[in-house]
Structures are given as C-alpha cells and as structure tokens.
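What follows is a short report on a single structure.
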Amino acid sequence: MLKKLFKHEFKTISKMGGLLVAVSGCLTLLAAAYLVSPLFSVFLNQSNEMSVGMTVVGVLLGVLGILSYVAMLVGVSFGFTIFLGVRFFRSMYSDEGYLTNTLPVKPMDLLIVKVVTAAVWMLIMNLILYGFMILLILIGTSRSLDMNFFDMLKSIRQLFGTLVDYFFADFRGDLKVSALLILLMVFVGPFAEIAIMFGSLTIGQLSWKNKGLTGILVYLGMRMAMGMVGGVASIAFNIIAARRIMEGTASLFLANGRYMVSLLISIAFGVVLFFISSHIVKNRLNLE
Amino acid sequence: MSNLIEITDLSKSYGYNIFAVDHINITLPRGKIIGLLGPNGSGKTTLIKMINGLLKPTTGNILISGEEIGPETKARVAYLPDRTYLAPGENINTILDYFEDFYEDFSKERAMAMLADLNIDPTAKMKTLSKGTKEKVQLILVMSRQAELYVLDEPIAGVDPAARDYILRTILNNYNREASVLISTHLISDIESVLDEVLFMRQGKLVLYSSAEEIRQKQGKSVDAYFREVFAC
C-alpha cells in the first residue's frame, strides 16, 4: 500500500512541480539569451558604439532583469511551498479528505507518504532552482571575463578538484563541519520544514472553527517558538565559544554553531510535530 | 452469520452536553438495505462519519464484522459521502486507477460499463462535469466495489427525478447480496420501496429500529407517512 500511496502522491505533486520547473527553465533560457546577447555588452560597458542613453537603458534593463529573475526564483520556491501546504490541507482535511481518510491504510503511512513526497519534491525544486541560478552565473561570468564558456567550465572543474584535494588533505575541522552542515541543511532541511508545516496544519484541525486559519496561526507560532529556542541556544553556544573568540579563531566555529543549532531545532520540531500529527490523525480526526 | 455492525454506547459531543449522537446502541445484520432516516440535524451524517473513521466517537465503539474501525474495516466499507470528494483536476480514468490500486474489491470493468451506460467520458476531468454527473461518477465508484457494507449519505439529494431512478437502480443492481446497504436520506418516498429496515434518528438519539414491513403492518401506513407523523413539527 505504501508503494501505491507514494506512486499517486508523487504523480499528483509532479504536475505542479513539473509545471514550475518548466516555467523556471523557460525564464532561465530567456535570461541566458540576454546574457549572450549584445545588450549584455552594454551592461558590461564593453560596447563603445552606443549612445549614453542606450547605455543607461541597457544597464537599467540588466539590473531589472537580474532582479526579476532572482524574484522569480524566490517566488517559485515560495509558491511551491505554499502549494504543498494547501495540497496537504485539501487532501487530508477538506472534502478530498473524505477519500484520503477512508483509504484502507494506516494514518502513519498516509503521513509518511505526504511528508516524504513533499520534502523530496521540495529538495528537487531547490536543487533545480540552484542549478538554474549557477548556470546563469557561469554564463554571466564567462561573458564578463570574455572567456569561452566551456573553457571556463574546465577551469572551474580544475579549481573544484584542487579545493576537494585541499579539503581532504588538510585537516581543517571547522571547514569540514561547515561543508557537512550545509549538505545536511540542503538534504535534511526540507524534511524538517515540511513536517513542521504539515504538523501545524494538522494541529489546526483540533480547532472547532476556521481550521485552516488556525493551522496557519499554529505554523507562525511554531516559527516564533523556533526563533526563541534558537536565540537562547545561540547565547549558550556563544558562551561555550568564548575561548575561541578570545583566540580570534571563532568566526567559522560560530557560524557552524549557529547552523547546527538551527538545524537541530528544525529537526527536533519536525520530529515532534510529525508524531503529534500522527496521533491526531489516528485518534482525534474530526472532519467537518 | 455474525452481525455486520455492532454499535455500543456510541456518542459524539461538541462542547459540554451538546450531543450530535447520543449514546446509541444497535446491531445491524448482513444482507439488508437499511434506511437511516431523520430530519436535518438528527445525527445521521455524524453517525455515518464515525462508521467510516472520519470522526472519533466521544464515547463507545463501533465494530464492523467484529473489528474496530481501521484500515481493515475501511477495506470492507464502500462510502459515498454527501459531498464531492474527488479532486477537480483529476480525470475519471485516473480516479478509476486510484480505486483499483487501493480497493481490492473494486471492479474497473464494472465501473467502465456503468460510465458507458451513462455516456460519461472517462477522459473527462471532474471539474468539467455537472454536479449531477459528479454524483453519478462517485456512485459508480462506490457501487463498483464488492464491499461488505455500503454507506450512502444522501445519495439522491439534489439530483433530478430521472437521476434518482438511475441511482436507485444502480444501487439495487450492483450491491453485493451478502452485504448491507445503509442509506441516509430524508427523501423517504423515493427509496421506501427498496428498504428492508429503517432507523429513525432524532436529536442524536435512535428512536426506532424496525423492518419497513412491520411499520406498514402495525401502523397501517407507509414508512414515509409514519416518518411525517413521528417527526411532525
């Protein structure tokens, strides 16, 4: 049953996810076309044949284009997260919940499938959006440096190789911890985030009226609570790090500490909210 | 053969002392078409939701074929709610695949035949269908199962008389004869002829459980007429 649940859930979310990836891909292509066009030369001030007016327009267009593109990526990521929340709420607690909650499956299985599928899709979406952004940065850089794109890729690969060698050869603990934490944030973060969002929406079901709105308020409350716990934990961490601060070697150590605190808090809230959700769906489900 | 549904001291309260279902005890047999009758707000839908695990009882419990409500009972109960529960963006074929995947007793062939009878295009998306057609699609999905219990909440409310006839014919021609059908409605005259037994509910309480024939014999009137007498305002 779990396999079938995954199949249908993934299929449904893929429709919106696929659409957003396609739209982002098209806009990235447009942005890439701009970067390789003569207009971008104006932005780089590489063309001497254009009037001052044209140069200003070119620069304005360039700045606006970059801002719009970044806003689009942020919008896609944010919009997709909202879509995941709305879809979870609809499929579990609105009219569609009458079908979902009468399927011959355990409530825990339902929640596992919902959280894992949404988190995996969020991860995929983030990686694709990062990929698009990096691609554009590379294209833009190659134009700025007036370098062949593929030559530049080769140089970057060599640089990356050197960095990896350095990373593994030189025993720099803080740097390795930083890298690991970033990887964990990228790969584990979406699971915690989704569990927190779905858990909050599920707690909202305990309210008698305006269950959706209550779920949103619970979510905001959770974020505030996480912020407060994070604040307290950071102060504690800073005290622990005092010796390093005096030695003047604390910057990376402190950054790592903050990352770790934030990650651990997210995971802790995610796990607790997941089990609360499971308890509510199993024992306190009350569809209107 | 054992009873199909055993309900013991079942109640559902909203707030202090407001009971939507008020300490009901009842046992329902297999192989019967049972009318769950009562005016609006009498607790019919609340009872049905508890049978389907969509509401948790405040007190008491429900056993279906001796088992508490859970994945096992949900596999045996075919439920038609009083609302559209299918995603508007999905097409009918996808929904058929969904039912086929999750319900072992679902017959896609039977569903396709019923859709063809009604000239409903299986490639159509739910959002393009009229309200009546959506209700027919949902009924087809439910009646294409070989369930032990069919729970139909207001299956004929809000549809035209011709559609009502079709819906009743579909129920009668397709339900598993070993199974029971629990139909909630306040349009009694339309379904009276098919009912074996009736349950009357008022203000969350069970006020009568009898065979339809017994009511007609003892009271000398139809179930519909008797209902009007019992629930006269």
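FYI, nothing fancy with the structure tokens labels: chains A, B, ... in order, residues from 1 per chain, ligands from 1 as they appear.
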Compute the set of chain B residues within 10 Å of chain A, using only C-alpha atoms, and express it as a PyMOL selection string. chain B and resi 14-15+46+49-50+52-58+70-90+94+97-99+101-104
Selection: 10 Å around Phe83 (chain A), only C-alpha atoms, excl. self and same-chain fewer than 5 positions, as a short mmCIF file (atom, residue, chain, number, x, y, z; two decimals) with C-alpha atoms, in the first residue's frame:
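See out.cif below for the written result:
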```cif
data_model
loop_
_atom_site.label_atom_id
_atom_site.label_comp_id
_atom_site.auth_asym_id
_atom_site.auth_seq_id
_atom_site.Cartn_x
_atom_site.Cartn_y
_atom_site.Cartn_z
CA ILE A 13 2.59 16.76 -6.90
CA MET A 16 2.56 21.34 -10.31
CA GLY A 17 6.26 20.70 -9.67
CA SER A 77 10.27 28.35 -4.37
CA PHE A 78 7.86 30.17 -2.03
CA PHE A 88 -1.79 18.68 2.13
CA PHE A 89 -4.65 20.55 3.81
CA ALA A 118 6.52 16.81 -0.42
#
```
One-decimal distance in Å that lies between CA of Met185 (chain A) and CA of Ile235 (chain A):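 Here the two named atoms are 21.2 Å from each other.
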Write out as a PyMOL selection string the residues lying within 12 Å of Asp160 (chain B), counting only C-alpha atoms and excluding same-chain residues fewer than 5 positions away. chain B and resi 131-133+135-136+155+165-167+190
CA of Thr170 (chain B) to CA of Leu37 (chain B) measures 20.5 Å
Would you kindly return, as a VMD selection string, each protein, DNA or RNA residue with an atom no farther than 7 Å from any atom of Pro39 (chain B), considering only C-alpha atoms and excluding same-chain residues fewer than 2 positions away? chain B and resid 41 to 42 186
Since we have the selection now, will you write its residues out, keeping N, CA and C atoms, as a PDB file, in the first residue's frame?
```pdb
ATOM      1  N   GLY B  41     -30.060  17.539  10.975  1.00  0.00           N
ATOM      2  CA  GLY B  41     -29.500  17.761  12.317  1.00  0.00           C
ATOM      3  C   GLY B  41     -29.828  16.656  13.306  1.00  0.00           C
ATOM      4  N   SER B  42     -30.318  15.533  12.816  1.00  0.00           N
ATOM      5  CA  SER B  42     -30.681  14.456  13.748  1.00  0.00           C
ATOM      6  C   SER B  42     -29.478  13.567  14.100  1.00  0.00           C
ATOM      7  N   HIS B 186     -33.621  12.016   3.709  1.00  0.00           N
ATOM      8  CA  HIS B 186     -34.918  12.427   4.218  1.00  0.00           C
ATOM      9  C   HIS B 186     -35.949  12.423   3.087  1.00  0.00           C
TER      10      HIS B 186
END
```
